[in-house]
Amino acid sequence: MNNLQPLSSPHGHAGSKTSQVMLQVLLACVPGTAALWFFFGYGVLINLVWLTALAVALEALVMLLRKRPVLFYLRDYSAVVTAVLLALALPPATPWWLGLTGILFAIVIAKHLFGGLGCNPFNPAMAGYAALLIAYPAPMTRWLLPQAVTHALPDLATAFDFFLDRDVHGHIDAFTGATALDKFRQQHGAQLVSEFWQSTKVMGQWSGAGWEWVNAGFLYGGLYLLYKKIITWHIPVGFLLAIAILAALFYDGGSSQSHGSPLMHLFAGGTMLGAFFIATDPVTAATSSKGRLIYGALTGSIVFVIRAFGAYPDGVAFAILIGNMAVPMIDRFTRPRTFGHSP
């Protein structure tokens with residue numbers, strides 16, 4: 001008995017380190033990234049490499065200027081995750097300067113201007129994306145047509161020419177076109193949905209050609225994050241349910257006034273990437289279980305409203321930024337009751 005050592009509380013195990021969480025998020029991005037690469041070509045990989053290198057360099061530079069330990073902060077991989085999420089959202093024909101501008105805004109302005117990881121009120125990747133979309137709408141909407149439509153994606157040399165912003169062969173227009181969501185918005189009121197679907201090459205079986213598989217890939221990665229308990233179910237479920245319910249309410253069958261079926265909206269654009277990887281950012285999302293449901297439903301609702309009635313074909317970035325602004329109020333009104341005290 002004399003050999004027993006008295007131990008004091010707490011007895012809980014240490015939680016996951018930030019670096020471990022970020023690496024799990026990066027791993028979960030692999031299926032969706034592979035689908036993007038397959039359907040949209042080498043530009044996806046070029047964006048990933050370029051933005052990741054820039055993000056690491058900018059993070060190191062800011063840490064030096066702030067006189068903080070550089071390696072300590074680089075090893076949390078938060079800058080890499082921001083770069084990957086922004087790169088996955090950018091068109092594959094993005095020129096180098098556009099990616100540089102976006103990641104500069106994301107890392108320096110949206111993240112470190114507010115104090116760095118844990119202090120930023122807005123998701124850095126979506127802040128960078130939204131800034132680019134507002135400032136440079138033309139190149140930000142210049143998406144490559146998916147392989148399922150053209151059967152001839154740019155080779156690596158051509159993709160690198162696009163990256164260097166030199167269309168030396170003069171055929172970038174042959175590879176680019178409107179996305180499925182953009183096409184659907186343009187035809188609203190002109191054709192029956194069935195007629196539009198049959199006459200438009202960029203539409204697949206449920207949603208946009210290629211985009212169905214991209215969203216399926218991010219859905220698979222999101223389920224992995226749920227399985228590993230990196231995220232909880234509240235935000236993705238609220239996000240996806242809100243989109244599905246609103247799409248069902250405004251579906252109007254197959255008439256020319258339809259805003260698209262729930263299945264189309266769930267597997268279009270950045271729906272699954274937003275639901276599982278961006279809206280669930282622990283720094284900028286709501287904290288309580290009830291608050292997360294409300295936050296997810298709010299952001300999902302805004303996505304549909306922008307798609308159906310707004311000026312942009314996809315509204316994931318703006319929806320999440322608006323949701324970020326609402327988080328302090330959501331947290332205030334959904335704080336759990338302290339045990340032993342009245343509400």
# chains A, B, ... in the order shown; residues from 1 in each chain; ligands from 1
$ residues_around --residues "region 64-76 of chain A" --least-positions-apart "6" --cutoff "8 Å" --atoms "only C-alpha atoms" --output "list in words"
Thr18, Ser19, Gln20, Met22 and Val56 of chain A
$ residues_around --residues "region 303-312 of chain A" --least-positions-apart "4" --cutoff "12 Å" --atoms "only C-alpha atoms" --output "ChimeraX atom specification"
/A:130,133-134,137,140-141,179-186,188,239-251,257-262,264-266,268-272,274-275,279,296-299,316-323
$ residues_around --residues "Leu145 (chain A)" --least-positions-apart "5" --cutoff "6 Å" --atoms "only C-alpha atoms" --output "number ranges by chain"
A: 175-177
$ write_last_selection --atoms "N, CA and C atoms" --output "mmCIF file, in the first residue's frame"
data_model
loop_
_atom_site.group_PDB
_atom_site.id
_atom_site.type_symbol
_atom_site.label_atom_id
_atom_site.label_comp_id
_atom_site.auth_asym_id
_atom_site.auth_seq_id
_atom_site.Cartn_x
_atom_site.Cartn_y
_atom_site.Cartn_z
ATOM 1 N N PHE A 175 -11.309 24.548 -74.439
ATOM 2 C CA PHE A 175 -11.343 23.679 -73.270
ATOM 3 C C PHE A 175 -12.256 24.193 -72.153
ATOM 4 N N THR A 176 -12.655 25.460 -72.235
ATOM 5 C CA THR A 176 -13.413 26.051 -71.138
ATOM 6 C C THR A 176 -14.866 26.283 -71.527
ATOM 7 N N GLY A 177 -15.703 26.448 -70.507
ATOM 8 C CA GLY A 177 -17.121 26.708 -70.735
ATOM 9 C C GLY A 177 -17.834 26.903 -69.416
#
$ closest_residue --among "A:Ser301, A:Thr334, A:Thr150, A:Thr82" --to "Phe277 (chain A)" --atoms "only C-alpha atoms"
A:Thr82
$ select_by_dssp --residues "region 33-233 of chain A" --states "strand (DSSP E or B)" --output "list in words"
Trp143, Leu144, Thr176, Gly177, Met203 and Gly208 of chain A
$ write_last_selection --atoms "C-alpha atoms" --output "mmCIF file, in the first residue's frame"
data_model
loop_
_atom_site.group_PDB
_atom_site.id
_atom_site.type_symbol
_atom_site.label_atom_id
_atom_site.label_comp_id
_atom_site.auth_asym_id
_atom_site.auth_seq_id
_atom_site.Cartn_x
_atom_site.Cartn_y
_atom_site.Cartn_z
ATOM 1 C CA TRP A 143 -13.820 26.328 -65.740
ATOM 2 C CA LEU A 144 -12.524 23.573 -67.984
ATOM 3 C CA THR A 176 -13.413 26.051 -71.138
ATOM 4 C CA GLY A 177 -17.121 26.708 -70.735
ATOM 5 C CA MET A 203 -25.381 17.775 -67.507
ATOM 6 C CA GLY A 208 -23.350 18.246 -63.747
#
$ atom_distance --atom1 "CA of Val81 (chain A)" --atom2 "CA of Val25 (chain A)"
7.6 Å
$ closest_residue --among "A:Ile330, A:Ala127, A:Leu273, A:Asp252" --to "Lys290 (chain A)" --atoms "only C-alpha atoms"
A:Ile330
$ residues_around --residues "region 115-125 of chain A" --least-positions-apart "2" --cutoff "6 Å" --atoms "only C-alpha atoms" --output "list in words"
Thr82, Leu86, Ala106, Ala110, Lys111, His112, Leu113, Ala127, Gly128, Val283, Thr284 and Asn324 of chain A
$ closest_residue --among "A:Ala55, A:Phe218, A:Thr287, A:Ile235" --to "Leu104 (chain A)" --atoms "only C-alpha atoms"
A:Ala55
$ select_by_dssp --residues "region 81-155 of chain A" --states "alpha helix (DSSP H)" --output "short mmCIF file (atom, residue, chain, number, x, y, z; two decimals) with N, CA and C atoms, in the first residue's frame"
data_model
loop_
_atom_site.label_atom_id
_atom_site.label_comp_id
_atom_site.auth_asym_id
_atom_site.auth_seq_id
_atom_site.Cartn_x
_atom_site.Cartn_y
_atom_site.Cartn_z
N VAL A 81 -3.87 23.15 -45.14
CA VAL A 81 -5.30 22.87 -45.32
C VAL A 81 -5.99 24.05 -46.00
N THR A 82 -5.67 25.26 -45.59
CA THR A 82 -6.25 26.44 -46.24
C THR A 82 -5.90 26.47 -47.72
N ALA A 83 -4.64 26.18 -48.04
CA ALA A 83 -4.20 26.18 -49.44
C ALA A 83 -4.93 25.11 -50.24
N VAL A 84 -5.08 23.92 -49.68
CA VAL A 84 -5.74 22.82 -50.39
C VAL A 84 -7.20 23.15 -50.64
N LEU A 85 -7.90 23.66 -49.64
CA LEU A 85 -9.32 23.98 -49.82
C LEU A 85 -9.52 25.09 -50.85
N LEU A 86 -8.65 26.09 -50.83
CA LEU A 86 -8.75 27.15 -51.83
C LEU A 86 -8.41 26.62 -53.22
N ALA A 87 -7.38 25.80 -53.32
CA ALA A 87 -6.99 25.24 -54.61
C ALA A 87 -8.09 24.38 -55.21
N LEU A 88 -8.78 23.61 -54.38
CA LEU A 88 -9.86 22.75 -54.87
C LEU A 88 -11.05 23.57 -55.36
N ALA A 89 -11.19 24.79 -54.85
CA ALA A 89 -12.31 25.64 -55.25
C ALA A 89 -12.02 26.44 -56.51
N TRP A 96 -1.27 31.85 -62.52
CA TRP A 96 -0.47 31.86 -61.31
C TRP A 96 -0.77 33.05 -60.41
N TRP A 97 -0.98 34.23 -61.01
CA TRP A 97 -1.18 35.44 -60.22
C TRP A 97 -2.51 35.44 -59.48
N LEU A 98 -3.50 34.72 -60.02
CA LEU A 98 -4.80 34.66 -59.36
C LEU A 98 -4.69 33.82 -58.08
N GLY A 99 -4.01 32.68 -58.18
CA GLY A 99 -3.79 31.86 -57.00
C GLY A 99 -2.96 32.59 -55.95
N LEU A 100 -1.94 33.33 -56.40
CA LEU A 100 -1.11 34.10 -55.48
C LEU A 100 -1.94 35.14 -54.74
N THR A 101 -2.80 35.85 -55.46
CA THR A 101 -3.64 36.86 -54.83
C THR A 101 -4.59 36.24 -53.81
N GLY A 102 -5.19 35.10 -54.17
CA GLY A 102 -6.14 34.46 -53.28
C GLY A 102 -5.52 33.95 -52.00
N ILE A 103 -4.37 33.28 -52.11
CA ILE A 103 -3.75 32.72 -50.91
C ILE A 103 -3.12 33.83 -50.07
N LEU A 104 -2.67 34.90 -50.70
CA LEU A 104 -2.16 36.05 -49.95
C LEU A 104 -3.26 36.66 -49.09
N PRO A 124 -10.56 31.30 -43.77
CA PRO A 124 -9.58 31.95 -44.65
C PRO A 124 -9.70 31.54 -46.12
N ALA A 125 -9.90 30.25 -46.38
CA ALA A 125 -9.98 29.78 -47.77
C ALA A 125 -11.15 30.42 -48.49
N MET A 126 -12.31 30.49 -47.82
CA MET A 126 -13.49 31.07 -48.47
C MET A 126 -13.40 32.59 -48.56
N ALA A 127 -12.70 33.21 -47.61
CA ALA A 127 -12.49 34.64 -47.72
C ALA A 127 -11.63 34.96 -48.94
N GLY A 128 -10.58 34.16 -49.14
CA GLY A 128 -9.74 34.35 -50.32
C GLY A 128 -10.49 34.09 -51.61
N TYR A 129 -11.31 33.04 -51.61
CA TYR A 129 -12.09 32.71 -52.80
C TYR A 129 -13.09 33.82 -53.13
N ALA A 130 -13.82 34.30 -52.11
CA ALA A 130 -14.82 35.33 -52.34
C ALA A 130 -14.17 36.62 -52.85
N ALA A 131 -13.00 36.96 -52.30
CA ALA A 131 -12.30 38.16 -52.76
C ALA A 131 -11.93 38.05 -54.24
N LEU A 132 -11.47 36.88 -54.65
CA LEU A 132 -11.13 36.67 -56.06
C LEU A 132 -12.37 36.72 -56.94
N LEU A 133 -13.46 36.12 -56.48
CA LEU A 133 -14.68 36.08 -57.30
C LEU A 133 -15.23 37.47 -57.53
N ILE A 134 -15.12 38.33 -56.51
CA ILE A 134 -15.62 39.70 -56.66
C ILE A 134 -14.69 40.53 -57.52
N ALA A 135 -13.38 40.37 -57.33
CA ALA A 135 -12.40 41.20 -58.03
C ALA A 135 -12.12 40.74 -59.46
N PRO A 137 -14.06 38.28 -61.73
CA PRO A 137 -15.12 37.31 -62.06
C PRO A 137 -14.87 36.52 -63.33
N ALA A 138 -14.21 37.12 -64.33
CA ALA A 138 -14.01 36.40 -65.60
C ALA A 138 -13.12 35.17 -65.45
N PRO A 139 -11.87 35.30 -64.96
CA PRO A 139 -11.04 34.09 -64.82
C PRO A 139 -11.56 33.13 -63.76
N MET A 140 -12.32 33.62 -62.78
CA MET A 140 -12.84 32.75 -61.73
C MET A 140 -14.01 31.89 -62.21
N GLN A 147 -14.00 16.00 -68.57
CA GLN A 147 -13.61 14.96 -69.53
C GLN A 147 -14.81 14.22 -70.10
N ALA A 148 -15.86 14.08 -69.30
CA ALA A 148 -17.06 13.38 -69.76
C ALA A 148 -17.72 14.09 -70.92
N VAL A 149 -17.40 15.37 -71.11
CA VAL A 149 -18.01 16.16 -72.19
C VAL A 149 -17.07 16.27 -73.38
N THR A 150 -15.80 16.64 -73.13
CA THR A 150 -14.87 16.91 -74.23
C THR A 150 -14.09 15.68 -74.68
#
$ atom_distance --atom1 "CA of Pro336 (chain A)" --atom2 "CA of Ile294 (chain A)"
14.3 Å
